[in-house]
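S.K.: Sharing a structure below in structure tokens format, with a few things to ask.
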Amino acid sequence: MKKVVKFGGSSLASADQFKKVGTIIHDDENRRYVVPSAPGKRFSNDTKVTDMLYACYESAVKGEDFSGQLADIRERYQEIIDGLNLDCSLDQDFEVIRENFQNEAGVDYAASRGEFLNGKIMSSYLGFEFVDAAEVIRFNDDGSFNAGATDELLSARLQDTDAAVVPGFYGAKSDGTVVTFSRGGSDVTGSLVALAVRADLYENWTDVSGFLIADPRIVKNPKSIETITYKELRELSYMGASVLHEDAIFPVRKAGIPINIRNTNAPEDKGTLIVESTCRQPKYTITGIAGTDGFASITIEKAMMNSEIGFCRKVLQVFEDNGVSIEHMPSGIDTMTIFVNKNSFEEKEQKILSDIQRAVHPDHVELESDLALVAVVGRGMKSTRGTAGRIFSALAHAHINVKMIDQGSSELNIIVGVKHEDFKNAIRALYEIFVLTQI
Ligand code: ASP
């Protein structure tokens with residue numbers, strides 16, 4: 001059995017955290033491929049090493065003296081090396097980094113050094129081979145990710161390697177220019193390594209015990225989700241629940257490798273298992289509740305709209321031409337409502353309204369801002385009667401007016417639109433009915 005283990009920044013922020021990670025890895029001999037992030041925050045107002053690197057490089061590019069900033073970064077690593085009593089020197093590495101910063105090697109190169117150096121320390125601490133991600137994670141000349149070349153390079157390189165450390169977050173073009181994924185991208189590296197070694201499991205270790213049924217900033221001590229399917233995860237992430245980088249899902253999902261989100265600070269917790277499909281029924285009817293604020297709606301009304309061929313297309317064209325993405329589109333017989341992100345709509349509001357007038361000559365257009373969408377997601381909803389009824393009675397009891405209802409045809413989710421001021425109460429009311437007073 002082979003497991004790939006990725007550790008996030010907070011799991012590797014200090015020597016003490018490294019020790020926890022070491023224990024986790026030694027605890028299971030299948031944990032053979034390790035993907036580390038850069039050291040994250042040690043306490044709440046600490047700075048992540050990646051952010052220190054961005055700032056330091058910015059000073060270098062401006063021609064300012066960046067030696068103090070680089071020394072602070074070095075100090076972060078030295079603290080870890082000393083705390084672990086390692087015989088590992090980063091002198092040479094820092095000399096190379098200083099020179100490359102001076103020669104403006106690129107902002108991605110700068111940011112990637114956080115993972116590179118942490119990978120070196122990790123390799124020396126565990127006695128696992130260090131594999132530089134620049135050699136095995138390939139980007140195209142235009143900066144886009146090259147999945148095919150990466151899989152070839154990575155699997156060939158790791159084929160005869162029993163245990164390795166591959167730093168997260170970056171790779172390189174074929175000419176050696178370093179390129180990073182977007183922020184949080186070490187999750188993606190972990191997924192690529194899992195695919196390359198055909199792992200049985202991709203463990204993603206972070207500082208929470210997996211996904212929670214609802215946002216803990218809104219619901220007090222929400223329960224965690226034991227098993228979630230990729231489809232459910234997509235619905236919840238779209239609505240703002242985030243633990244994992246979106247691009248981390250595709251490579252392992254394609255290969256049928258489950259992801260297990262685990263907590264470095266509570267390794268006894270089972271965390272959340274993300275799978276393609278499962279016959280394990282969720283404990284509650286729903287798997288999770290998520291929501292996002294900041295929507296606006298445009299309701300277009302016109303008599304006999306239902307029989308006017310091409311009406312919807314013309315309206316949608318207006319949004320496309322103005323570069324505004326449509327989030328939801330519930331419709332009635334003579335009305336259609338478009339939900340959009342409030343900020344992106346506001347910039348083009350007047351232009352869009354006049355374009356709609358010209359395109360479809362509506363009888364009436366109504367705008368509403370400060371809306372929120374709340375999604376109740378769960379594979380268990382499909383076979384359960386009365387889920388919608390419970391949602392609406394819970395909201396009614398909490399004196400919340402429902403402005404929009406959207407149930408996907410997959411029956412995997414029900415989305416309701418509410419006023420901004422009802423947003424948090426709606427989530428609390430739904431959590432209460434489905435989890436706390438579970439019938
Ligand atoms: N260190 C990078 C960041 O802070 C990448 C990662 O942690 O995944 O975004």
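Just so we're on the same page: first chain in the structure tokens is A, next is B, and so on; residues restart at 1 for each chain, and ligands are numbered from 1 in the order they show up.
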Please return as an MDAnalysis selection string the residues found within 9 Å of ligand 1, counting only C-alpha atoms and all ligand atoms.
M.R.: chainID A and resid 7:10 36:40 48:51 111:112 114:115 168:170 180:189 245
S.K.: Pick out the residues sitting within 12 Å of Ala396 in chain A, and hand them over as a count of residues only; count only C-alpha atoms, and ignore anything fewer than 4 positions along from it in its own chain.
M.R.: 14
S.K.: For Val178 in chain A, which of A:Asp141, A:Asp93, A:Asp207, A:Glu246 is the closest residue, counting only C-alpha atoms?
M.R.: A:Asp141
S.K.: Write out as a PDB file with C-alpha atoms, in the first residue's frame all residues of range 43-267 of chain A that backbone DSSP assigns to strand (DSSP E).
M.R.:
```
ATOM      1  CA  GLU A 129      15.276  11.390  -0.864  1.00  0.00           C
ATOM      2  CA  PHE A 130      14.762  15.031  -1.951  1.00  0.00           C
ATOM      3  CA  ALA A 164      10.769  10.800  -1.239  1.00  0.00           C
ATOM      4  CA  VAL A 165      10.055  14.416  -0.385  1.00  0.00           C
ATOM      5  CA  TYR A 170       5.869  24.842  -7.920  1.00  0.00           C
ATOM      6  CA  GLY A 171       7.359  23.262 -11.000  1.00  0.00           C
ATOM      7  CA  ALA A 172       9.217  24.592 -14.019  1.00  0.00           C
ATOM      8  CA  VAL A 178      10.176  28.186 -12.119  1.00  0.00           C
ATOM      9  CA  VAL A 179       6.370  28.542 -12.186  1.00  0.00           C
ATOM     10  CA  THR A 180       4.020  28.219  -9.211  1.00  0.00           C
ATOM     11  CA  LEU A 201      -4.691   7.145  -0.625  1.00  0.00           C
ATOM     12  CA  TYR A 202      -3.815  10.844  -0.695  1.00  0.00           C
ATOM     13  CA  GLU A 203      -3.704  12.194   2.849  1.00  0.00           C
ATOM     14  CA  ASN A 204      -3.902  15.940   3.091  1.00  0.00           C
ATOM     15  CA  TRP A 205      -2.838  17.037   6.586  1.00  0.00           C
ATOM     16  CA  THR A 206      -3.935  20.456   7.748  1.00  0.00           C
ATOM     17  CA  THR A 227     -17.408  10.962   3.947  1.00  0.00           C
ATOM     18  CA  ILE A 228     -18.172  13.267   1.060  1.00  0.00           C
ATOM     19  CA  THR A 229     -18.326  12.639  -2.675  1.00  0.00           C
ATOM     20  CA  ILE A 259      -8.417  12.023  -0.468  1.00  0.00           C
ATOM     21  CA  ASN A 260      -8.400  12.015   3.302  1.00  0.00           C
ATOM     22  CA  ILE A 261      -8.296  15.408   5.007  1.00  0.00           C
ATOM     23  CA  ARG A 262      -6.593  14.970   8.397  1.00  0.00           C
ATOM     24  CA  ASN A 263      -5.577  17.182  11.308  1.00  0.00           C
TER      25      ASN A 263
END
```
S.K.: Report, in Å to a single decimal, how far apart CA of Pro167 in chain A and CA of Phe66 in chain A are.
M.R.: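 Taking CA of Phe66 in chain A and CA of Pro167 in chain A, their separation equals 24.8 Å.
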S.K.: For Asn341 in chain A, which residue out of A:Val243, A:Val324, A:Ala375, A:Leu353 is the nearest one, using only C-alpha atoms?
M.R.: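 Of A:Val243, A:Val324, A:Ala375, A:Leu353, the one nearest Asn341 in chain A, counting only C-alpha atoms, is A:Val324.
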S.K.: Please give the complete set of residues from range 121-210 of chain A that DSSP, run on the backbone, assigns to helix (DSSP H, G or I), formatted as a PyMOL selection string.
M.R.: chain A and resi 121-126+133-136+147-158+186-196
S.K.: Which polymer residues have any atom within 9 Å of an atom of Asp151 in chain A, counting only C-alpha atoms, with same-chain residues fewer than 5 positions away left out, as an MDAnalysis selection string?
M.R.: chainID A and resid 136:138 146 156 192:193 195:196
S.K.: Would you kindly return, as a short mmCIF file (atom, residue, chain, number, x, y, z; two decimals) with C-alpha atoms, in the first residue's frame, each protein, DNA or RNA residue with an atom no farther than 6 Å from any atom of range 331-338 of chain A, considering only C-alpha atoms and excluding same-chain residues fewer than 3 positions away?
M.R.:
```
data_model
loop_
_atom_site.label_atom_id
_atom_site.label_comp_id
_atom_site.auth_asym_id
_atom_site.auth_seq_id
_atom_site.Cartn_x
_atom_site.Cartn_y
_atom_site.Cartn_z
CA SER A 297 -30.60 39.70 -8.93
CA ILE A 298 -32.14 41.10 -12.09
CA THR A 299 -35.72 39.99 -12.72
CA ILE A 300 -37.00 40.50 -16.24
CA GLU A 301 -40.71 40.36 -16.85
CA LYS A 302 -42.50 40.25 -20.19
CA ALA A 303 -45.97 39.01 -21.10
CA MET A 304 -45.89 35.86 -23.22
CA MET A 305 -42.16 35.43 -22.60
CA ASN A 306 -42.60 31.67 -22.59
#
```
